$ cat query13.txt   # compact mmCIF, C-alpha atoms
# COMPACT_ATOMS: atom_id res chain seq x y z
CA MET A 157 278.85 95.31 62.75
CA ALA A 158 280.50 94.52 59.44
CA PRO A 159 279.10 96.41 56.45
CA THR A 160 276.88 94.72 53.90
CA LEU A 161 278.64 93.75 50.71
CA THR A 162 276.58 94.46 47.59
CA LEU A 163 277.12 92.99 44.15
CA THR A 164 275.42 94.47 41.10
CA LEU A 165 274.43 91.75 38.64
CA SER A 166 273.53 92.75 35.12
CA THR A 167 271.31 90.71 32.81
CA ALA A 168 274.50 89.31 31.29
CA ASP A 169 275.74 88.24 34.72
CA LEU A 170 272.47 86.45 35.50
CA SER A 171 272.51 84.71 32.12
CA GLN A 172 275.98 83.36 32.99
CA LEU A 173 275.01 82.18 36.48
CA ARG A 174 276.29 78.65 36.99
CA TRP A 175 277.14 76.11 39.67
CA ALA A 176 280.35 74.20 40.12
CA VAL A 177 282.13 71.79 42.44
CA SER A 178 285.60 72.68 43.74
CA PRO A 179 287.72 69.89 45.26
CA ALA A 180 290.54 72.40 45.80
CA TRP A 181 288.28 74.64 47.88
CA GLU A 182 287.15 71.70 50.03
CA LEU A 183 290.82 70.86 50.60
CA LEU A 184 291.63 74.40 51.74
CA ALA A 185 288.51 74.83 53.85
CA SER A 186 289.06 71.46 55.52
CA ILE A 187 292.50 72.60 56.72
CA ARG A 188 290.91 75.68 58.30
CA THR A 189 288.36 73.37 59.90
CA LEU A 190 291.12 71.27 61.45
CA VAL A 191 292.86 74.40 62.75
CA GLN A 192 289.62 75.75 64.29
CA PRO A 193 287.68 72.60 65.29
CA ALA A 194 285.57 74.32 67.96
CA SER A 195 283.77 76.30 65.26
CA HIS A 196 283.00 73.25 63.14
CA ALA A 197 281.51 70.66 65.47
CA ILE A 198 279.30 69.39 62.65
CA HIS A 199 282.42 67.76 61.18
CA MET A 200 283.47 66.10 64.44
CA PRO A 201 283.57 62.51 63.08
CA TRP A 202 285.96 63.60 60.34
CA LEU A 203 287.92 65.92 62.64
CA SER A 204 288.54 63.11 65.10
CA ASP A 205 290.10 60.98 62.38
CA HIS A 206 292.41 63.66 60.97
CA ARG A 207 293.25 66.12 63.74
CA HIS A 208 296.83 64.82 63.89
CA ASP A 209 297.51 65.03 60.16
CA PRO A 210 301.23 65.66 59.38
CA LEU A 211 300.42 68.93 57.59
CA LEU A 212 299.37 70.37 60.95
CA THR A 213 301.56 68.45 63.38
CA GLY A 214 304.85 68.17 61.48
CA PRO A 215 308.10 69.16 63.20
CA ARG A 216 308.11 72.52 61.44
CA PRO A 217 305.39 74.50 59.62
CA SER A 218 305.43 74.05 55.85
CA ALA A 219 304.68 76.72 53.29
CA ALA A 220 301.45 74.85 52.54
CA TYR A 221 300.43 75.16 56.19
CA ASP A 222 301.39 78.84 56.40
CA LEU A 223 299.37 79.61 53.27
CA THR A 224 296.21 77.78 54.26
CA ALA A 225 296.08 77.97 58.05
CA GLY A 226 297.93 81.17 58.76
CA PRO A 227 296.05 84.12 57.19
CA THR A 228 293.82 85.88 59.69
CA ARG A 229 291.89 87.79 57.02
CA HIS A 230 291.26 85.52 54.05
CA LEU A 231 293.00 82.89 51.98
CA PRO A 232 295.25 84.05 49.12
CA GLY A 233 292.99 84.09 46.08
CA PHE A 234 295.33 82.12 43.83
CA LEU A 235 294.90 79.00 46.00
CA ALA A 236 291.27 78.55 44.95
CA PRO A 237 290.65 79.49 41.29
CA THR A 238 286.99 79.76 40.38
CA PRO A 239 285.82 76.34 39.12
CA LEU A 240 283.62 76.27 36.05
CA SER A 241 282.01 72.82 36.08
CA PRO A 242 280.27 70.34 38.39
CA LEU A 243 282.86 67.88 37.06
CA THR A 244 285.93 69.90 38.09
CA ALA A 245 288.81 67.62 39.07
CA LEU A 246 291.38 68.36 41.76
CA ASP A 247 294.27 67.84 39.35
CA ASP A 248 292.90 70.51 37.02
CA GLU A 249 292.52 73.02 39.84
CA LEU A 250 296.01 72.37 41.21
CA ASP A 251 297.46 72.73 37.70
CA GLU A 252 295.80 76.13 37.48
CA VAL A 253 297.32 77.09 40.84
CA LEU A 254 300.75 76.17 39.44
CA ARG A 255 300.17 78.45 36.45
CA THR A 256 299.35 81.51 38.57
CA PRO A 257 301.36 84.51 37.32
CA ALA A 258 304.07 85.65 39.73
CA HIS A 259 302.60 89.14 40.12
CA VAL A 260 299.22 87.66 41.16
CA VAL A 261 300.91 85.47 43.78
CA ARG A 262 302.73 88.45 45.28
CA ARG A 263 299.59 90.61 45.21
CA ASP A 264 297.46 87.97 46.93
CA LEU A 265 300.10 87.28 49.57
CA GLY A 266 300.18 90.99 50.38
CA GLU A 267 296.38 91.18 50.65
CA ALA A 268 296.16 88.08 52.86
CA PHE A 269 299.07 88.75 55.22
CA GLY A 270 299.82 92.46 55.01
CA ASP A 271 303.01 93.11 56.96
CA ASP A 272 302.76 89.80 58.83
CA LEU A 273 304.08 87.47 56.13
CA PRO A 274 305.41 84.28 57.78
CA VAL A 275 309.14 83.74 57.37
CA GLY A 276 308.44 80.46 55.60
CA LEU A 277 306.66 82.29 52.77
CA VAL A 278 309.44 84.76 52.01
CA PRO A 279 310.92 82.38 49.38
CA MET A 280 307.55 82.34 47.63
CA VAL A 281 307.68 86.10 47.18
CA ARG A 282 311.12 85.73 45.65
CA ALA A 283 310.43 82.70 43.43
CA PRO A 284 306.68 81.98 43.25
CA ARG A 285 306.74 79.28 40.58
CA ARG A 286 309.47 77.21 42.22
CA GLU A 287 307.91 77.34 45.68
CA MET A 288 304.41 76.65 44.34
CA GLU A 289 305.45 73.21 43.13
CA THR A 290 306.32 72.16 46.69
CA VAL A 291 303.12 73.66 48.09
CA VAL A 292 300.92 71.89 45.53
CA ALA A 293 302.69 68.57 46.17
CA ASP A 294 302.11 68.92 49.92
CA LEU A 295 298.44 69.81 49.43
CA PHE A 296 297.90 66.84 47.14
CA GLN A 297 299.42 64.47 49.70
CA TYR A 298 297.14 65.97 52.35
CA TRP A 299 294.16 65.37 50.05
CA GLN A 300 295.12 61.73 49.58
CA ARG A 301 295.29 61.18 53.34
CA THR A 302 292.22 63.08 54.47
CA LEU A 303 289.64 63.68 51.74
CA ALA A 304 290.16 61.20 48.90
CA PRO A 305 288.62 58.27 50.84
CA THR A 306 285.38 60.17 51.48
CA TRP A 307 285.31 62.38 48.37
CA PRO A 308 282.63 60.34 46.54
CA ARG A 309 280.32 60.87 49.51
CA ILE A 310 281.08 64.59 49.73
CA ARG A 311 280.80 65.06 45.97
CA ALA A 312 277.40 63.34 45.90
CA LEU A 313 276.09 65.80 48.48
CA LEU A 314 277.49 68.77 46.53
CA GLU A 315 276.04 67.58 43.23
CA SER A 316 272.67 66.93 44.84
CA ASP A 317 272.69 70.54 46.07
CA ILE A 318 273.46 71.80 42.56
CA HIS A 319 270.54 69.87 41.09
CA TYR A 320 268.22 71.29 43.76
CA ARG A 321 269.40 74.91 43.32
CA ALA A 322 269.16 74.77 39.53
CA ARG A 323 265.57 73.55 39.77
CA SER A 324 264.83 76.25 42.34
CA LEU A 325 266.14 78.95 40.01
CA THR A 326 263.99 77.66 37.17
CA GLU A 327 260.84 77.22 39.22
CA ARG A 328 261.05 80.11 41.70
CA GLY A 329 263.38 82.71 40.20
CA PRO A 330 266.70 84.18 41.41
CA ALA A 331 265.37 86.06 44.47
CA ALA A 332 263.89 82.94 46.08
CA MET A 333 266.85 80.82 45.02
CA PHE A 334 269.42 83.15 46.63
CA ALA A 335 267.36 83.53 49.82
CA ASP A 336 267.18 79.75 50.15
CA ILE A 337 270.96 79.37 49.83
CA HIS A 338 271.82 81.36 52.96
CA PRO A 339 269.96 83.78 55.27
CA ASP A 340 272.63 86.44 54.64
CA LEU A 341 271.83 86.56 50.91
CA THR A 342 269.15 88.90 49.55
CA PHE A 343 268.59 89.55 45.84
CA ASP A 344 266.60 92.54 44.57
CA GLN A 345 265.61 91.58 41.05
CA ALA A 346 264.36 95.07 40.20
CA THR A 347 267.81 96.60 40.71
CA GLY A 348 269.93 93.50 40.11
CA THR A 349 271.52 93.93 43.54
CA LEU A 350 272.72 90.98 45.58
CA ARG A 351 273.24 91.92 49.23
CA ILE A 352 275.48 89.83 51.47
CA ALA A 353 274.85 90.74 55.11
CA ARG A 354 277.47 90.65 57.86
CA ARG A 355 280.23 90.31 55.28
CA ARG A 356 283.42 92.24 55.94
CA ALA A 357 284.89 93.53 52.68
CA ALA A 358 288.44 92.25 52.33
CA GLY A 359 291.19 94.80 52.75
CA LEU A 360 290.29 98.17 51.30
CA LEU A 361 288.07 96.88 48.52
CA ASP A 362 284.87 98.79 47.86
CA PRO A 363 281.92 96.96 49.49
CA HIS A 364 279.79 97.98 46.47
CA ARG A 365 280.94 96.07 43.41
CA SER A 366 279.66 95.54 39.88
CA LEU A 367 280.35 92.18 38.23
CA GLU A 368 280.45 93.94 34.84
CA GLY A 369 279.20 91.01 32.80
CA ARG A 370 281.78 88.54 34.13
CA GLY A 371 279.06 86.23 35.45
CA LEU A 372 278.83 84.50 38.81
CA VAL A 373 279.68 80.98 39.93
CA LEU A 374 277.95 79.44 42.95
CA VAL A 375 279.90 76.70 44.72
CA PRO A 376 278.27 74.52 47.39
CA SER A 377 280.77 73.51 50.05
CA ALA A 378 280.84 71.00 52.89
CA PHE A 379 283.64 72.68 54.83
CA ALA A 380 282.45 76.27 54.28
CA TRP A 381 279.72 75.72 56.88
CA PRO A 382 278.32 77.92 58.34
CA LYS A 383 279.84 80.86 56.43
CA LEU A 384 279.71 82.43 53.00
CA TYR A 385 282.92 83.16 51.09
CA VAL A 386 282.98 85.70 48.27
CA LYS A 387 285.68 86.48 45.72
CA THR A 388 285.25 89.06 42.97
CA SER A 389 288.86 90.03 42.22
CA ALA A 390 290.43 89.56 38.78
CA PRO A 391 291.52 87.49 36.99
CA TRP A 392 288.90 85.05 38.27
CA ILE A 393 285.19 84.90 37.53
CA PRO A 394 283.31 86.10 40.64
CA VAL A 395 282.38 83.25 42.97
CA ILE A 396 280.27 82.70 46.09
CA ARG A 397 280.95 79.58 48.16
CA TYR A 398 278.14 78.60 50.49
CA PRO A 399 277.25 75.78 52.93
CA VAL A 400 275.89 72.78 51.11
CA ARG A 401 272.30 71.74 51.73
CA GLY A 402 271.95 68.70 54.00
CA ILE A 403 275.38 69.09 55.63
CA GLY A 404 274.02 67.58 58.84
CA THR A 405 273.71 64.20 57.12
CA LEU A 406 277.22 64.06 55.68
CA TRP A 407 278.90 61.97 58.36
CA GLU A 408 275.85 60.01 59.48
CA SER A 409 275.89 56.25 59.08
CA SER A 410 273.29 55.03 56.64
CA ALA A 411 270.23 53.70 58.39
CA ALA A 412 269.23 51.73 55.34
CA ASP A 413 270.87 49.78 52.55
CA SER A 414 269.63 48.04 49.42
CA ALA A 415 268.56 44.97 51.42
CA ASP A 416 266.41 47.09 53.74
CA LEU A 417 264.69 48.82 50.83
CA ALA A 418 264.25 45.76 48.61
CA PRO A 419 260.83 44.71 50.00
CA ALA A 420 259.39 48.14 49.15
CA LEU A 421 261.18 48.96 45.91
CA GLY A 422 262.24 45.60 44.55
CA ALA A 423 265.81 44.32 44.68
CA THR A 424 266.97 45.88 41.41
CA ARG A 425 265.60 49.36 42.05
CA ALA A 426 266.85 49.31 45.63
CA ARG A 427 270.31 48.39 44.33
CA LEU A 428 270.26 51.21 41.77
CA LEU A 429 269.14 53.72 44.38
CA ASP A 430 271.96 52.55 46.64
CA LEU A 431 274.54 52.99 43.85
CA LEU A 432 273.28 56.52 43.24
CA GLU A 433 274.96 57.68 46.43
CA THR A 434 277.20 59.19 43.74
CA PRO A 435 275.49 60.52 40.56
CA ALA A 436 275.94 58.15 37.62
CA ALA A 437 274.85 57.63 34.02
CA THR A 438 272.73 54.75 32.73
CA LEU A 439 275.63 52.96 31.01
CA GLU A 440 277.82 53.16 34.11
CA LEU A 441 275.04 51.67 36.23
CA ALA A 442 274.54 48.92 33.66
CA ASN A 443 278.23 48.04 33.81
CA ARG A 444 278.22 47.97 37.61
CA THR A 445 275.10 45.83 37.91
CA GLY A 446 275.46 43.58 34.87
CA LEU A 447 272.00 44.60 33.65
CA ALA A 448 271.12 45.64 30.11
CA PRO A 449 271.12 49.44 29.62
CA GLY A 450 267.48 49.32 28.51
CA GLY A 451 266.45 47.58 31.71
CA VAL A 452 268.40 50.06 33.84
CA SER A 453 266.74 52.93 32.00
CA THR A 454 263.29 51.51 32.76
CA HIS A 455 264.06 51.16 36.47
CA LEU A 456 265.53 54.67 36.62
CA HIS A 457 262.38 56.04 35.03
CA LYS A 458 260.26 54.39 37.75
CA LEU A 459 262.51 55.74 40.52
CA ALA A 460 262.29 59.23 38.98
CA GLN A 461 258.48 58.97 38.80
CA ALA A 462 258.51 58.19 42.53
CA GLY A 463 260.56 61.33 43.16
CA LEU A 464 263.52 59.36 44.55
CA ILE A 465 266.01 60.36 41.85
CA ALA A 466 266.25 63.09 39.22
CA PRO A 467 268.15 63.35 35.92
CA HIS A 468 270.63 66.15 35.31
CA ARG A 469 272.22 66.82 31.93
CA THR A 470 275.94 67.69 31.88
CA GLY A 471 276.96 68.26 28.28
CA ARG A 472 275.98 65.12 26.36
CA ILE A 473 275.73 62.99 29.50
CA VAL A 474 272.65 62.55 31.67
CA LEU A 475 273.53 61.81 35.28
CA TYR A 476 271.01 60.49 37.77
CA ALA A 477 271.20 61.52 41.43
CA ARG A 478 269.12 60.96 44.52
CA THR A 479 266.66 63.70 45.37
CA ALA A 480 266.08 64.91 48.91
CA ARG A 481 263.28 62.31 49.16
CA GLY A 482 265.67 59.60 48.04
CA GLU A 483 268.35 60.71 50.48
CA ALA A 484 265.80 60.67 53.32
CA LEU A 485 265.52 56.90 52.99
CA TYR A 486 269.14 56.62 54.11
CA ARG A 487 268.93 58.82 57.21
$ encode --input "query13.txt" --output "structure tokens"
Amino acid sequence: MAPTLTLTLSTADLSQLRWAVSPAWELLASIRTLVQPASHAIHMPWLSDHRHDPLLTGPRPSAAYDLTAGPTRHLPGFLAPTPLSPLTALDDELDEVLRTPAHVVRRDLGEAFGDDLPVGLVPMVRAPRREMETVVADLFQYWQRTLAPTWPRIRALLESDIHYRARSLTERGPAAMFADIHPDLTFDQATGTLRIARRRAAGLLDPHRSLEGRGLVLVPSAFAWPKLYVKTSAPWIPVIRYPVRGIGTLWESSAADSADLAPALGATRARLLDLLETPAATLELANRTGLAPGGVSTHLHKLAQAGLIAPHRTGRIVLYARTARGEALYR
């Protein structure tokens, strides 16, 4: 049985606890899902549409394929920098990948592949920056083919999870919040120790690690299911990627639409609830519906009172998103 990984979180680490969305991680994890479909039956509708994607079935393996599908231990860390915001964009993450220092690329390749580096990645060891441009271009094209069309739907699920977890932390505390994220997570608040069961420590790294005030980022993921993924190595902020809440509903067809809900909610509120498949601000909803912002605000307030949506402040912007009760109307 794999040893338990323990992370020591100081008060400073807990004060810097945050959630983020990572399009780049979903891209990478989705490739692994396509390579190992038997372990990810929950994504079967999506797998059926993209199992013959050129990244996997091209005439010869690309460096992008070797990097993402080939490692038997773990993905090279530089491919998935720790995101810092629920609004993280794919372009920003891929730009950060391009800026990875050469020594970090070589270190991460060694940790991921050991002595089994694919021949196609040898040029990357020699000239990391030049080869990375081709890899990033190939990954972006893969994204456009496979994930871009459904990203609003995936992102809405991820952001809904973040809203739920943040409320859980506030209302129930970190121990209950961590336990609710995944059964392998246990947090001892008295000692500040986060235990991650059945987690094999990568390489020769010590399974007992202190975050040393660097904080911790929690990233809900659609394609991580059913596993947890942990990265604590420098230069990135420590991150735990976990299966998003409600993953079983991701590929389901909606059983209701605004017309179905109109008799109960009224046509305008049903339309707003339908548009909030993706979190949005009052002004955006006003522009999309042609209603006055004041009228939209009133309807949103009523939907929030009914527990169907909840506001979430991101900087100066307040985004509204469906709650679990609101999502249940579409199952």
$ residues_around --input "query13.txt" --residues "Arg444 (chain A)" --least-positions-apart "3" --cutoff "12 Å" --atoms "all atoms listed in the file" --output "JSON, numbers by chain"
{"A": [427, 428, 430, 431, 432, 436, 437, 438, 439, 440, 441, 447, 448, 449, 452]}
$ atom_distance --input "query13.txt" --atom1 "CA of Val400 (chain A)" --atom2 "CA of Leu464 (chain A)"
19.4 Å
$ atom_distance --input "query13.txt" --atom1 "CA of Glu433 (chain A)" --atom2 "CA of Leu374 (chain A)"
22.2 Å
$ residues_around --input "query13.txt" --residues "Gln297 (chain A)" --least-positions-apart "5" --cutoff "10 Å" --atoms "all atoms listed in the file" --output "PyMOL selection string"
chain A and resi 210-211+292+302+304
$ closest_residue --input "query13.txt" --among "A:His208, A:His468, A:Arg397, A:Arg263" --to "Tyr320 (chain A)" --atoms "all atoms listed in the file"
A:His468
$ closest_residue --input "query13.txt" --among "A:Met333, A:Trp407, A:Thr388, A:Thr445" --to "Ser204 (chain A)" --atoms "all atoms listed in the file"
A:Trp407
$ closest_residue --input "query13.txt" --among "A:Pro330, A:Pro242, A:Gly348, A:Pro217" --to "Pro179 (chain A)" --atoms "all atoms listed in the file"
A:Pro242
$ closest_residue --input "query13.txt" --among "A:Leu350, A:Leu235, A:Arg285, A:Pro394" --to "Ala332 (chain A)" --atoms "all atoms listed in the file"
A:Leu350
$ atom_distance --input "query13.txt" --atom1 "CA of Glu182 (chain A)" --atom2 "CA of Ile337 (chain A)"
17.9 Å
$ residues_around --input "query13.txt" --residues "region 163-166 of chain A" --least-positions-apart "4" --cutoff "7 Å" --atoms "all atoms listed in the file" --output "list in words"
Leu170, Gly348, Thr349, Leu350, Arg351, His364, Arg365, Ser366, Leu367 and Gly369 of chain A
$ write_last_selection --input "query13.txt" --atoms "C-alpha atoms" --output "PDB file, keeping the file's coordinate frame"
ATOM      1  CA  LEU A 170     272.470  86.450  35.500  1.00  0.00           C
ATOM      2  CA  GLY A 348     269.930  93.500  40.110  1.00  0.00           C
ATOM      3  CA  THR A 349     271.520  93.930  43.540  1.00  0.00           C
ATOM      4  CA  LEU A 350     272.720  90.980  45.580  1.00  0.00           C
ATOM      5  CA  ARG A 351     273.240  91.920  49.230  1.00  0.00           C
ATOM      6  CA  HIS A 364     279.790  97.980  46.470  1.00  0.00           C
ATOM      7  CA  ARG A 365     280.940  96.070  43.410  1.00  0.00           C
ATOM      8  CA  SER A 366     279.660  95.540  39.880  1.00  0.00           C
ATOM      9  CA  LEU A 367     280.350  92.180  38.230  1.00  0.00           C
ATOM     10  CA  GLY A 369     279.200  91.010  32.800  1.00  0.00           C
TER      11      GLY A 369
END
$ residues_around --input "query13.txt" --residues "Val260 (chain A)" --least-positions-apart "3" --cutoff "10 Å" --atoms "only C-alpha atoms" --output "number ranges by chain"
A: 232-234, 256-257, 263-266, 284, 390-391
